[in-house]
file target04.txt (compact mmCIF, C-alpha atoms and all ligand atoms)
# COMPACT_ATOMS: atom_id res chain seq x y z
CA MET A 374 -3.05 -16.22 10.35
CA THR A 375 -3.74 -13.89 7.44
CA ALA A 376 -4.62 -15.78 4.30
CA PHE A 377 -5.52 -13.08 1.81
CA THR A 378 -7.85 -11.40 4.32
CA LEU A 379 -7.04 -7.83 3.22
CA ALA A 380 -7.96 -8.54 -0.40
CA ARG A 381 -11.11 -10.32 0.69
CA ALA A 382 -12.22 -7.43 2.91
CA LEU A 383 -11.48 -4.73 0.34
CA ARG A 384 -13.05 -6.68 -2.55
CA ALA A 385 -16.16 -7.10 -0.35
CA GLY A 386 -16.42 -3.31 -0.02
CA ASP A 387 -15.04 -2.84 3.51
CA THR A 388 -13.04 0.24 4.52
CA VAL A 389 -9.64 -0.70 5.95
CA TYR A 390 -7.30 1.56 7.94
CA SER A 391 -3.64 0.56 7.83
CA SER A 392 -0.55 1.59 9.71
CA TRP A 393 2.74 2.46 8.02
CA CYS A 394 6.30 1.57 9.04
CA THR A 395 9.61 3.04 7.97
CA LEU A 396 11.95 2.18 10.85
CA ALA A 397 13.23 -1.20 9.65
CA SER A 398 12.03 -2.75 12.89
CA ALA A 399 9.99 -5.94 12.70
CA VAL A 400 9.28 -5.57 16.43
CA ALA A 401 7.89 -2.05 15.97
CA ALA A 402 5.69 -3.23 13.09
CA GLU A 403 4.46 -6.22 15.09
CA THR A 404 3.78 -4.06 18.16
CA ILE A 405 1.56 -1.77 16.09
CA ALA A 406 -0.20 -4.78 14.54
CA ARG A 407 -0.87 -6.32 17.95
CA GLU A 408 -2.78 -3.15 18.93
CA GLY A 409 -5.28 -4.25 16.27
CA PHE A 410 -4.31 -2.66 12.96
CA PRO A 411 -5.55 -5.15 10.34
CA ALA A 412 -2.82 -4.12 7.88
CA VAL A 413 0.65 -2.57 8.06
CA VAL A 414 2.69 -1.11 5.18
CA ILE A 415 6.43 -1.78 5.14
CA ASP A 416 7.76 1.24 3.24
CA GLN A 417 10.87 0.32 1.30
CA GLN A 418 10.66 3.43 -0.93
CA HIS A 419 11.40 6.06 1.70
CA GLY A 420 11.83 3.84 4.76
CA LEU A 421 15.02 2.31 6.11
CA TRP A 422 14.20 -1.33 5.38
CA ASP A 423 16.71 -3.78 3.93
CA THR A 424 15.68 -7.15 2.56
CA ALA A 425 16.38 -9.16 5.72
CA ALA A 426 14.33 -6.75 7.83
CA ILE A 427 11.42 -6.96 5.36
CA VAL A 428 11.45 -10.78 5.52
CA ALA A 429 11.38 -10.61 9.35
CA ALA A 430 8.60 -8.00 9.44
CA VAL A 431 6.39 -9.87 6.96
CA GLY A 432 6.63 -12.98 9.14
CA ALA A 433 6.03 -11.00 12.35
CA LEU A 434 2.92 -9.34 10.88
CA HIS A 435 1.48 -12.68 9.77
CA HIS A 436 2.04 -14.09 13.25
CA ALA A 437 0.31 -11.02 14.75
CA GLY A 438 -2.73 -11.57 12.49
CA SER A 439 -2.18 -8.42 10.42
CA THR A 440 -1.73 -8.23 6.65
CA PRO A 441 1.73 -7.12 5.48
CA LEU A 442 1.93 -4.77 2.50
CA VAL A 443 5.22 -3.66 0.96
CA ARG A 444 5.80 -0.37 -0.86
CA VAL A 445 8.66 -1.02 -3.30
CA PRO A 446 11.09 1.66 -4.56
CA VAL A 447 10.25 3.52 -7.80
CA GLY A 448 10.42 1.21 -10.82
CA ASP A 449 11.65 -1.77 -8.78
CA PHE A 450 9.36 -4.25 -10.46
CA ALA A 451 11.68 -7.19 -9.66
CA PHE A 452 11.11 -6.62 -5.94
CA VAL A 453 7.32 -6.79 -6.42
CA SER A 454 7.42 -10.57 -7.00
CA ARG A 455 10.07 -11.08 -4.33
CA ALA A 456 7.99 -9.29 -1.68
CA LEU A 457 4.94 -11.38 -2.63
CA ASP A 458 7.11 -14.51 -2.37
CA PHE A 459 8.22 -13.38 1.12
CA GLY A 460 4.51 -13.30 2.09
CA ALA A 461 3.46 -9.70 1.50
CA GLU A 462 -0.18 -9.80 0.43
CA ALA A 463 -0.30 -6.41 -1.29
CA ILE A 464 2.21 -4.25 -3.11
CA ILE A 465 2.19 -0.47 -3.40
CA ALA A 466 4.17 0.72 -6.43
CA PRO A 467 5.06 4.45 -6.42
CA MET A 468 5.01 6.79 -9.42
CA ILE A 469 2.84 4.70 -11.74
CA ASN A 470 2.48 7.38 -14.40
CA THR A 471 1.31 5.58 -17.52
CA GLU A 472 -0.68 2.58 -18.66
CA ARG A 473 2.68 1.01 -19.59
CA ASP A 474 3.93 1.39 -15.99
CA ALA A 475 0.67 -0.15 -14.78
CA ARG A 476 0.99 -3.10 -17.17
CA GLN A 477 4.59 -3.73 -16.08
CA PHE A 478 3.51 -3.65 -12.44
CA ALA A 479 0.61 -6.06 -13.01
CA ALA A 480 2.80 -8.40 -15.07
CA VAL A 481 5.22 -9.08 -12.21
CA ALA A 482 2.48 -9.30 -9.55
CA LYS A 483 -0.03 -11.63 -11.20
CA TYR A 484 0.30 -15.22 -12.40
CA PRO A 485 -0.82 -16.20 -15.93
CA PRO A 486 -3.14 -15.59 -17.63
CA LEU A 487 -3.33 -12.11 -16.03
CA GLY A 488 0.44 -11.55 -15.80
CA GLU A 489 3.75 -13.37 -15.76
CA ARG A 490 4.70 -13.56 -12.07
CA SER A 491 7.44 -16.16 -11.73
CA TRP A 492 6.76 -19.14 -9.47
CA GLY A 493 8.43 -19.38 -6.03
CA PRO A 494 6.12 -18.46 -3.11
CA GLN A 495 7.43 -21.08 -0.65
CA ARG A 496 7.69 -18.61 2.25
CA ALA A 497 4.28 -17.07 1.49
CA MET A 498 2.71 -20.55 1.44
CA ALA A 499 4.39 -21.50 4.72
CA LEU A 500 3.10 -18.34 6.40
CA GLN A 501 -0.42 -19.24 5.27
CA GLY A 502 -0.06 -22.89 6.30
CA LYS A 503 -0.46 -24.04 2.68
CA SER A 504 1.40 -27.07 1.34
CA VAL A 505 -0.31 -27.64 -2.02
CA THR A 506 1.15 -25.34 -4.66
CA THR A 507 -2.00 -25.21 -6.77
CA ASP A 508 -4.00 -23.98 -3.74
CA TYR A 509 -1.78 -20.88 -3.61
CA LEU A 510 -1.71 -20.56 -7.41
CA ARG A 511 -5.51 -20.68 -7.65
CA GLU A 512 -6.03 -17.99 -4.99
CA ALA A 513 -3.05 -15.67 -5.44
CA ASN A 514 -4.23 -13.37 -8.24
CA ASP A 515 -7.39 -12.47 -6.35
CA GLY A 516 -5.86 -12.82 -2.90
CA THR A 517 -3.02 -10.36 -3.41
CA LEU A 518 -3.44 -6.71 -4.32
CA THR A 519 -1.64 -4.29 -6.61
CA LEU A 520 -1.93 -0.64 -5.56
CA ALA A 521 -0.75 1.76 -8.26
CA MET A 522 0.34 5.12 -6.82
CA ILE A 523 -1.11 8.18 -8.51
CA GLU A 524 1.05 11.09 -7.42
CA THR A 525 2.09 13.13 -10.45
CA PRO A 526 0.27 15.32 -13.00
CA THR A 527 1.16 12.74 -15.70
CA ALA A 528 -0.50 9.99 -13.68
CA LEU A 529 -3.50 12.25 -13.12
CA GLY A 530 -3.81 12.71 -16.89
CA ASN A 531 -3.65 8.94 -17.40
CA VAL A 532 -5.72 7.96 -14.37
CA GLU A 533 -8.60 6.36 -16.27
CA ALA A 534 -6.24 4.20 -18.38
CA ILE A 535 -4.24 3.18 -15.30
CA ALA A 536 -7.44 2.30 -13.42
CA ALA A 537 -8.67 0.23 -16.37
CA THR A 538 -5.47 -1.82 -16.61
CA PRO A 539 -6.17 -5.52 -15.97
CA GLY A 540 -4.31 -6.72 -12.87
CA ILE A 541 -4.34 -3.32 -11.17
CA ASP A 542 -6.57 -3.70 -8.12
CA ALA A 543 -6.37 -0.26 -6.51
CA LEU A 544 -5.28 3.33 -7.02
CA PHE A 545 -3.35 4.74 -4.07
CA ILE A 546 -2.77 8.48 -3.81
CA GLY A 547 0.49 9.99 -2.61
CA PRO A 548 -0.84 13.44 -1.60
CA TYR A 549 2.57 14.89 -0.74
CA ASP A 550 4.14 14.19 -4.13
CA LEU A 551 0.92 15.29 -5.79
CA SER A 552 0.81 18.61 -3.94
CA THR A 553 4.54 19.17 -4.51
CA ALA A 554 4.10 18.69 -8.26
CA LEU A 555 0.80 20.58 -8.60
CA SER A 556 2.28 23.59 -6.78
CA GLY A 557 5.35 23.60 -9.03
CA GLY A 558 7.56 22.57 -6.11
CA THR A 559 6.51 25.44 -3.86
CA ALA A 560 4.12 23.80 -1.38
CA GLN A 561 3.25 20.68 0.57
CA ASP A 562 -0.38 21.56 1.10
CA VAL A 563 -2.33 18.34 0.74
CA GLN A 564 -5.58 20.25 1.26
CA ALA A 565 -4.99 22.94 -1.37
CA ALA A 566 -8.04 23.28 -3.65
CA GLU A 567 -6.32 21.79 -6.71
CA VAL A 568 -5.03 18.84 -4.67
CA GLU A 569 -8.48 18.20 -3.20
CA ARG A 570 -9.96 18.27 -6.73
CA ALA A 571 -7.32 15.78 -7.91
CA ILE A 572 -7.99 13.54 -4.90
CA ASP A 573 -11.71 13.36 -5.68
CA ARG A 574 -11.04 12.80 -9.38
CA ILE A 575 -8.74 9.84 -8.65
CA CYS A 576 -11.24 8.38 -6.18
CA GLN A 577 -13.97 8.61 -8.83
CA ALA A 578 -11.79 7.04 -11.52
CA ALA A 579 -10.99 4.08 -9.27
CA THR A 580 -14.60 3.57 -8.23
CA LYS A 581 -15.88 3.86 -11.81
CA ALA A 582 -13.39 1.21 -12.97
CA GLY A 583 -14.41 -1.11 -10.11
CA LYS A 584 -11.04 -0.64 -8.39
CA ILE A 585 -10.29 0.18 -4.74
CA PRO A 586 -9.58 3.86 -3.97
CA GLY A 587 -6.74 4.32 -1.47
CA ILE A 588 -4.79 7.21 0.01
CA TYR A 589 -2.02 8.07 2.48
CA CYS A 590 -3.05 10.34 5.38
CA SER A 591 -0.90 11.89 8.04
CA ASN A 592 -3.49 11.66 10.84
CA THR A 593 -6.73 10.01 11.92
CA GLU A 594 -8.90 13.14 11.48
CA ARG A 595 -7.98 13.31 7.80
CA ALA A 596 -8.43 9.54 7.45
CA LEU A 597 -12.01 9.73 8.70
CA VAL A 598 -12.80 12.64 6.35
CA LEU A 599 -11.42 10.74 3.36
CA ALA A 600 -13.32 7.58 4.26
CA LYS A 601 -16.51 9.68 4.04
CA ARG A 602 -15.37 10.89 0.59
CA GLY A 603 -15.22 7.29 -0.67
CA PHE A 604 -11.71 6.04 0.09
CA ARG A 605 -11.54 2.43 1.29
CA PHE A 606 -7.85 1.69 1.90
CA ILE A 607 -6.44 4.42 4.08
CA THR A 608 -3.01 4.52 5.69
CA ILE A 609 -2.27 6.72 8.69
CA GLY A 610 0.99 8.36 9.75
CA SER A 611 4.06 6.24 10.42
CA ASP A 612 5.92 4.45 13.20
CA LEU A 613 8.53 7.23 13.19
CA GLY A 614 5.82 9.90 13.48
CA MET A 615 4.15 8.09 16.38
CA LEU A 616 7.46 7.82 18.23
CA ARG A 617 8.30 11.49 17.63
CA ASP A 618 4.82 12.71 18.64
CA SER A 619 4.83 10.61 21.77
CA ALA A 620 8.33 11.80 22.82
CA ALA A 621 7.34 15.42 22.14
CA ALA A 622 4.12 15.05 24.17
CA GLN A 623 6.01 13.60 27.12
CA LEU A 624 8.58 16.40 27.09
CA LYS A 625 5.82 19.01 26.79
CA ALA A 626 4.00 17.51 29.78
CA LEU A 627 7.21 17.49 31.83
CA LYS A 628 7.82 21.17 31.10
CA SER A 629 4.28 22.36 31.81
C1 LIG A 701 3.12 10.84 -0.95
O1 LIG A 701 2.33 11.50 -0.27
O2 LIG A 701 3.71 11.25 -1.95
C2 LIG A 701 3.40 9.47 -0.57
O3 LIG A 701 4.06 8.76 -1.28
C3 LIG A 701 2.84 8.98 0.73
O4 LIG A 701 3.69 8.09 1.33
MG MG A 702 5.04 9.74 -2.85
call {"tool": "encode", "arguments": {"input": "target04.txt", "output": "structure tokens", "more": "lines below"}}
Ligand code: 3PY
Ligand code: MG
result
Amino acid sequence: MTAFTLARALRAGDTVYSSWCTLASAVAAETIAREGFPAVVIDQQHGLWDTAAIVAAVGALHHAGSTPLVRVPVGDFAFVSRALDFGAEAIIAPMINTERDARQFAAVAKYPPLGERSWGPQRAMALQGKSVTTDYLREANDGTLTLAMIETPTALGNVEAIAATPGIDALFIGPYDLSTALSGGTAQDVQAAEVERAIDRICQAATKAGKIPGIYCSNTERALVLAKRGFRFITIGSDLGMLRDSAAAQLKALKS
């Protein structure tokens, strides 16, 4: 049973590698978790998830002993509290460009006095085996995580203010949007020099503010490199990518 274990590990300074799911399949997410991933992101921004599938996947991940995170669509602050109520223990919010965006995000994710999250975590409490409301209330602000995505030049310019915002626990880099924007829409090179400089700058800003630096990676080699550069919450690939790569490898082997 995961009772705020991701937040505890990251706040203690651990490095955590997470999987990432887009396929709207609770069974696929659970299968990945049962291989031992301590955390799995349910991507509602670009993934195929509807609400019922998210509820099922959050439950399945808890039962598999892995922490469910949800990435909400851009600006969908109402879904932040809903996903936490469903039992997600961390929320990734894309395109957090300003301190105002960061404050709005923190407000819906954290209970008073830090924010104004509305009360109603019955499903989250059930998944954690909690029956006393004040037990959840006392632990939730620290036990759940807000990851603000830094993935535009505007966000880069405001990164220190976003990192300093109370209630924001982590900065999470979207390297593909960042490289698209920094190249003026001409490239998707997440290792271009200016992207690499931005990545290190964001990592430093998070660390300096006492926040967790996080980033999306497309493969394990890159994940290990970025862990050495200071990142502590690192997501790798996606369920769709794993399926495609595995099918391609099988077909290649059959033809050779
Ligand atoms: C990006 O690279 O822009 C992302 O949002 C990663 O999912
Ligand atoms: Mg993005």
call {"tool": "residues_near_ligand", "arguments": {"input": "target04.txt", "ligand": "ligand MG 702 (chain A)", "cutoff": "7 Å", "atoms": "only C-alpha atoms and all ligand atoms", "output": "list in words"}}
result
Pro467, Glu524, Gly547, Tyr549 and Asp550 of chain A
call {"tool": "residues_near_point", "arguments": {"input": "target04.txt", "point": "(-6.8, 6.7, 9.0)", "cutoff": "6 Å", "atoms": "only C-alpha atoms", "output": "list in words"}}
result
Tyr390, Thr593, Ala596, Ile607, Thr608 and Ile609 of chain A
call {"tool": "atom_distance", "arguments": {"input": "target04.txt", "atom1": "CA of Phe452 (chain A)", "atom2": "CA of Thr527 (chain A)"}}
result
23.9 Å
call {"tool": "residues_near_ligand", "arguments": {"input": "target04.txt", "ligand": "ligand LIG 701 (chain A)", "cutoff": "12 Å", "atoms": "all atoms listed in the file", "output": "ChimeraX atom specification"}}
result
/A:392-395,414-420,443-447,465-469,520-525,545-555,561-564,568,572,587-591,607-611
call {"tool": "closest_residue", "arguments": {"input": "target04.txt", "among": "A:Arg570, A:Asp542, A:Pro486, A:Met615", "to": "Asn592 (chain A)", "atoms": "all atoms listed in the file"}}
result
A:Met615
call {"tool": "axis_aligned_box", "arguments": {"input": "target04.txt", "around": "region 562-568 of chain A", "padding_each_side": "4 Å", "output": "JSON"}}
result
{"center_x": -4.2, "center_y": 20.8, "center_z": -2.7, "size_x": 15.7, "size_y": 12.9, "size_z": 16.0}
call {"tool": "residues_around", "arguments": {"input": "target04.txt", "residues": "Leu500 (chain A)", "least_positions_apart": "6", "cutoff": "7 Å", "atoms": "all atoms listed in the file", "output": "compact mmCIF listing (two decimals) with C-alpha atoms, keeping the file's coordinate frame"}}
result
# COMPACT_ATOMS: atom_id res chain seq x y z
CA GLY A 432 6.63 -12.98 9.14
CA HIS A 435 1.48 -12.68 9.77
CA GLY A 460 4.51 -13.30 2.09
call {"tool": "atom_distance", "arguments": {"input": "target04.txt", "atom1": "CA of Gly530 (chain A)", "atom2": "CA of Arg476 (chain A)"}}
result
16.5 Å
call {"tool": "atom_distance", "arguments": {"input": "target04.txt", "atom1": "CA of Asn514 (chain A)", "atom2": "CA of Ala482 (chain A)"}}
result
8.0 Å
call {"tool": "residues_around", "arguments": {"input": "target04.txt", "residues": "Val389 (chain A)", "least_positions_apart": "6", "cutoff": "8 Å", "atoms": "all atoms listed in the file", "output": "JSON, numbers by chain"}}
result
{"A": [382, 383, 411, 412, 605, 606, 607]}
call {"tool": "residues_around", "arguments": {"input": "target04.txt", "residues": "Leu487 (chain A)", "least_positions_apart": "2", "cutoff": "8 Å", "atoms": "only C-alpha atoms", "output": "VMD selection string"}}
result
chain A and resid 479 to 480 483 to 485 489 514 539 to 540
call {"tool": "closest_residue", "arguments": {"input": "target04.txt", "among": "A:Ala401, A:Leu379, A:Ala534, A:Ser556", "to": "Arg473 (chain A)", "atoms": "only C-alpha atoms"}}
result
A:Ala534
